[in-house]
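Novice: First, the structure itself, so that you have it in front of you.
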Amino acid sequence: MAVFRRGLALLVLFTAGRVSNGWSDDWPQWRGPNRDAVSAEKGLMPQWPDGGPPLLWSMAGVGKGYSGVVVVGDRLYTMGDLRDGKAQFLIAVDLKTRERVWATRVGPPYGDGGSRCTPTVHDGLIYGLGTDADLVCADATSGKEVWRKNLEQDFGGQMMSGWRYSESPLVDGERLIVTPGGDAAALVALDRKTGAVIWKCAPPGGAMGGAGYASAVVSDGGGVRQYVTLMGQAAIGVKADDGTFLWAYPQVANGTANIPTPVAFGDYVFVSTAYGKGSALLKLVKTAKGVQAEQVYWLDANTFQCHHGGFLRVGDYLYGAHGHNQGAPICIELKTGKVLWRGKQPGRGSGALLYADGELYFRYEDDTLALVEATPQEFRLKSTFKMPSQPEMGGPGWAHLALANGKLYVRHGDVLLCFDVRGT
């Protein structure tokens with residue numbers, strides 16, 4: 001237990017350093033400032049009024065897709081299939097005028113729901129990955145293309161199954177990290193300014209079943225900086241400085257779609273998938289040859305499996321959306337795997353969540369939003385409401401939430417909605 005708490009303390013210091021490194025109250029990438037679905041904002045509503053928080057505005061025009069949104073300054077960025085579904089684009093919206101500023105073509109459209117990737121904005125550049133493996137870097141102000149790669153053509157990439165590329169690129173210093181899923185390039189690190197290859201990771205025995213649908217995160221577990229993600233056959237760790245393959249944990253992988261982004265903290269990594277699999281807490285331990293992943297515990301699918309909506313860590317506890325094609329709120333004690341509570345889900349279908357100011361924000365695919373207190377004591381549902389329907393909303397509401405400067409952004413298909421969740 002002492003070792004576990006030391007790991008948590010180190011993470012608090014590490015996270016504090018990253019938050020103070022210029023992100024402010026922006027939401028610049030997938031799952032927010034630190035890629036963990038946790039916001040540092042304060043002074044937000046502890047409970048919503050009947051009918052939900054005030055709707056500040058809504059707009060159509062971001063295309064077909066499940067991509068989330070990012071917010072940097074007075075710009076919002078996302079991806080979508082535009083021009084009557086003829087192409088997939090990176091898109092910028094002026095938050096003051098609610099008009100599309102530019103749209104930069106990434107690649108072909110995708111008939112099964114449109115775009116998947118949530119773009120990443122860093123230091124004036126934006127990075128997006130199209131469903132057909134097109135990786136594009138553009139100027140965030142003008143939308144002008146800076147460089148591009150194709151993960152299949154340039155790196156022999158492949159997906160684990162047929163829903164195409166969904167990853168959100170990771171920026172770590174001067175490196176851009178993506179997952180082609182190829183035999184000689186499971187992960188690659190590119191110079192984020194030029195697209196030049198820094199390294200390619202070739203796992204022993206091949207590509208680990210192709211790329212999964214998760215997005216990589218940074219871990220310093222075992223004293224080695226590394227990138228952790230889910231591939232077709234395993235959760236893996238890859239050394240950050242040179243792309244050395246460090247470890248694999250196959251038990252969590254299913255054969256259909258490995259989706260949730262791992263949560264990394266201190267020497268620990270929590271992973272989960274659905275399709276009847278489950279979850280695990282792993283401890284990363286330094287060895288003479290690198291790092292190995294040791295299983296602390298395993299939770300079967302009936303205890304906790306996460307499909308689309310993800311999970312997050314607050315202190316010693318993990319909160320998540322439990323169930324295949326479901327999103328039942330759940331709280332797990334991280335050091336033991338004990339389920340402290342599981343609540344009845346307020347909406348229908350998969351649920352995605354983020355944390356801010358003591359509360360969990362859940363979004364369900366039927367456009368029900370819920371506010372749940374982030375406490376290990378018991379399930380406390382604070383508020384629920386259902387978003388107004390609009391004709392341009394097509395398919396399930398799977399896009400994850402974004403929170404920036406007291407405003408909650410929700411996307412459903414071609415439609416964006418912005419709610420004011422600031423306290424009075």
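Labeling convention for the structure tokens: chains A, B, ... as they appear, residues from 1 per chain, ligands from 1 in order of appearance.
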Give me the residues within 6 Å of region 131-144 of chain A as a list in words, counting only C-alpha atoms and dropping any in the same chain fewer than 6 places off.
Specialist: Thr104, Gly124, Leu125, Asn150, Leu151, Arg164 and Tyr165 of chain A
Novice: Tell me, counting only C-alpha atoms, for each residue of region 329-387 of chain A within 12 Å of region 255-278 of chain A, which pair of atoms is nearest and how far apart they are in Å to one decimal, in rows ordered by chain and increasing number, as a tab-separated table.
Specialist:
```
residue	atom	partner	partner_atom	distance
A:Ile332	CA	A:Phe270	CA	11.3
A:Glu333	CA	A:Phe270	CA	11.8
A:Leu334	CA	A:Phe270	CA	8.7
A:Lys335	CA	A:Tyr268	CA	9.9
A:Gly337	CA	A:Phe270	CA	10.4
A:Ser350	CA	A:Ala274	CA	11.4
A:Ala352	CA	A:Pro260	CA	10.4
A:Leu353	CA	A:Pro260	CA	11.8
```
Novice: Keeping only C-alpha atoms, take the residues you just selected and write them out as a PDB file, in the first residue's frame.
Specialist:
```pdb
ATOM      1  CA  ILE A 332     -13.717   1.186  -7.979  1.00  0.00           C
ATOM      2  CA  GLU A 333     -11.081   1.367  -5.261  1.00  0.00           C
ATOM      3  CA  LEU A 334      -7.906   1.387  -7.332  1.00  0.00           C
ATOM      4  CA  LYS A 335      -5.510  -0.337  -4.935  1.00  0.00           C
ATOM      5  CA  GLY A 337     -10.218  -3.497  -7.366  1.00  0.00           C
ATOM      6  CA  SER A 350     -22.908   3.795 -24.158  1.00  0.00           C
ATOM      7  CA  ALA A 352     -18.818   8.783 -21.845  1.00  0.00           C
ATOM      8  CA  LEU A 353     -17.575  10.814 -18.892  1.00  0.00           C
TER       9      LEU A 353
END
```
Novice: Leaving out Ile236 (chain A) and any residue of its chain fewer than 3 positions from it, which residues lie within 9 Å of it when counting only C-alpha atoms, given as a PDB file with C-alpha atoms, in the first residue's frame?
Specialist:
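Output below, filename part.pdb:
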```pdb
ATOM      1  CA  MET A 208       0.527  -7.308 -32.110  1.00  0.00           C
ATOM      2  CA  TYR A 227       3.900   5.251 -24.402  1.00  0.00           C
ATOM      3  CA  VAL A 228       1.059   2.944 -23.390  1.00  0.00           C
ATOM      4  CA  THR A 229      -1.822   1.934 -25.647  1.00  0.00           C
ATOM      5  CA  LEU A 230      -4.059  -0.964 -26.694  1.00  0.00           C
ATOM      6  CA  MET A 231      -3.340  -2.927 -29.842  1.00  0.00           C
ATOM      7  CA  PHE A 245       9.240  -2.484 -27.268  1.00  0.00           C
ATOM      8  CA  LEU A 246       9.050  -2.882 -23.473  1.00  0.00           C
ATOM      9  CA  TRP A 247       6.110  -5.086 -22.488  1.00  0.00           C
ATOM     10  CA  ALA A 248       2.794  -6.601 -23.523  1.00  0.00           C
ATOM     11  CA  TYR A 249      -0.274  -7.612 -21.518  1.00  0.00           C
ATOM     12  CA  PRO A 250      -2.541  -9.780 -23.700  1.00  0.00           C
ATOM     13  CA  ALA A 293       4.045  -5.252 -16.521  1.00  0.00           C
TER      14      ALA A 293
END
```
Novice: Using only C-alpha atoms, find the one residue out of A:Gly243, A:Gly223, A:Pro346, A:Gly406 that sits nearest to Val291 (chain A).
Specialist: A:Gly223
Novice: If we count only C-alpha atoms and set the cut-off at 9 Å, which residues sit around Gly232 (chain A), ignoring sequence neighbours fewer than 3 positions away in its own chain? Please answer as a list in words.
Specialist: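 Everything that qualifies: Met159, Met160, Ser161, Gly181, Ala207, Met208, Gly209, Gly210, Ala211, Gly212, Tyr213, Ala235, Ala253, Asn254, Gly255, Thr256, Ala257 and Asn258 of chain A.
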Novice: Hey, can you spit out that residue selection with N, CA and C atoms as an mmCIF file, in the first residue's frame?
Specialist:
```cif
data_model
loop_
_atom_site.group_PDB
_atom_site.id
_atom_site.type_symbol
_atom_site.label_atom_id
_atom_site.label_comp_id
_atom_site.auth_asym_id
_atom_site.auth_seq_id
_atom_site.Cartn_x
_atom_site.Cartn_y
_atom_site.Cartn_z
ATOM 1 N N MET A 159 -5.309 -2.153 -39.269
ATOM 2 C CA MET A 159 -6.198 -2.131 -38.112
ATOM 3 C C MET A 159 -6.501 -3.552 -37.655
ATOM 4 N N MET A 160 -6.879 -3.686 -36.380
ATOM 5 C CA MET A 160 -7.208 -5.002 -35.842
ATOM 6 C C MET A 160 -8.520 -5.537 -36.406
ATOM 7 N N SER A 161 -9.412 -4.630 -36.837
ATOM 8 C CA SER A 161 -10.702 -5.023 -37.408
ATOM 9 C C SER A 161 -11.197 -3.885 -38.293
ATOM 10 N N GLY A 181 0.191 0.236 -36.492
ATOM 11 C CA GLY A 181 -0.179 -1.159 -36.337
ATOM 12 C C GLY A 181 0.511 -2.087 -37.308
ATOM 13 N N ALA A 207 3.172 -7.371 -35.433
ATOM 14 C CA ALA A 207 2.470 -6.114 -35.153
ATOM 15 C C ALA A 207 1.462 -6.180 -34.025
ATOM 16 N N MET A 208 1.456 -7.221 -33.246
ATOM 17 C CA MET A 208 0.527 -7.308 -32.110
ATOM 18 C C MET A 208 -0.933 -7.219 -32.555
ATOM 19 N N GLY A 209 -1.240 -7.773 -33.727
ATOM 20 C CA GLY A 209 -2.629 -7.836 -34.162
ATOM 21 C C GLY A 209 -3.165 -6.580 -34.783
ATOM 22 N N GLY A 210 -2.300 -5.650 -35.168
ATOM 23 C CA GLY A 210 -2.760 -4.403 -35.759
ATOM 24 C C GLY A 210 -3.098 -3.363 -34.707
ATOM 25 N N ALA A 211 -3.404 -2.148 -35.170
ATOM 26 C CA ALA A 211 -3.740 -1.047 -34.267
ATOM 27 C C ALA A 211 -5.114 -1.256 -33.656
ATOM 28 N N GLY A 212 -5.256 -0.898 -32.394
ATOM 29 C CA GLY A 212 -6.558 -0.867 -31.756
ATOM 30 C C GLY A 212 -7.222 0.475 -32.003
ATOM 31 N N TYR A 213 -8.284 0.738 -31.263
ATOM 32 C CA TYR A 213 -9.042 1.983 -31.408
ATOM 33 C C TYR A 213 -8.765 2.959 -30.271
ATOM 34 N N ALA A 235 -2.393 -4.864 -24.464
ATOM 35 C CA ALA A 235 -1.927 -3.552 -24.027
ATOM 36 C C ALA A 235 -0.412 -3.597 -24.065
ATOM 37 N N ALA A 253 -7.072 -7.913 -24.054
ATOM 38 C CA ALA A 253 -7.457 -7.705 -25.452
ATOM 39 C C ALA A 253 -8.589 -8.644 -25.865
ATOM 40 N N ASN A 254 -9.549 -8.110 -26.618
ATOM 41 C CA ASN A 254 -10.562 -8.931 -27.262
ATOM 42 C C ASN A 254 -10.274 -8.959 -28.764
ATOM 43 N N GLY A 255 -10.957 -9.800 -29.493
ATOM 44 C CA GLY A 255 -10.646 -9.949 -30.905
ATOM 45 C C GLY A 255 -11.430 -9.040 -31.814
ATOM 46 N N THR A 256 -12.234 -8.131 -31.243
ATOM 47 C CA THR A 256 -13.118 -7.302 -32.064
ATOM 48 C C THR A 256 -12.695 -5.842 -32.097
ATOM 49 N N ALA A 257 -12.648 -5.203 -30.936
ATOM 50 C CA ALA A 257 -12.290 -3.781 -30.896
ATOM 51 C C ALA A 257 -11.828 -3.418 -29.491
ATOM 52 N N ASN A 258 -10.543 -3.105 -29.354
ATOM 53 C CA ASN A 258 -9.975 -2.633 -28.095
ATOM 54 C C ASN A 258 -9.972 -1.110 -28.130
#
```
Novice: Between A:Gly222, A:Gly343, A:Gly195, A:Gly107, single out the one closest to Thr287 (chain A), counting only C-alpha atoms.
Specialist: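 Nearest candidate to Thr287 (chain A) out of A:Gly222, A:Gly343, A:Gly195, A:Gly107: A:Gly222.
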Novice: If DSSP is run on the backbone, what residues of region 124-332 of chain A are helix (DSSP H, G or I)? A reply as a VMD selection string would be ideal.
Specialist: chain A and resid 221 to 223 250 to 252
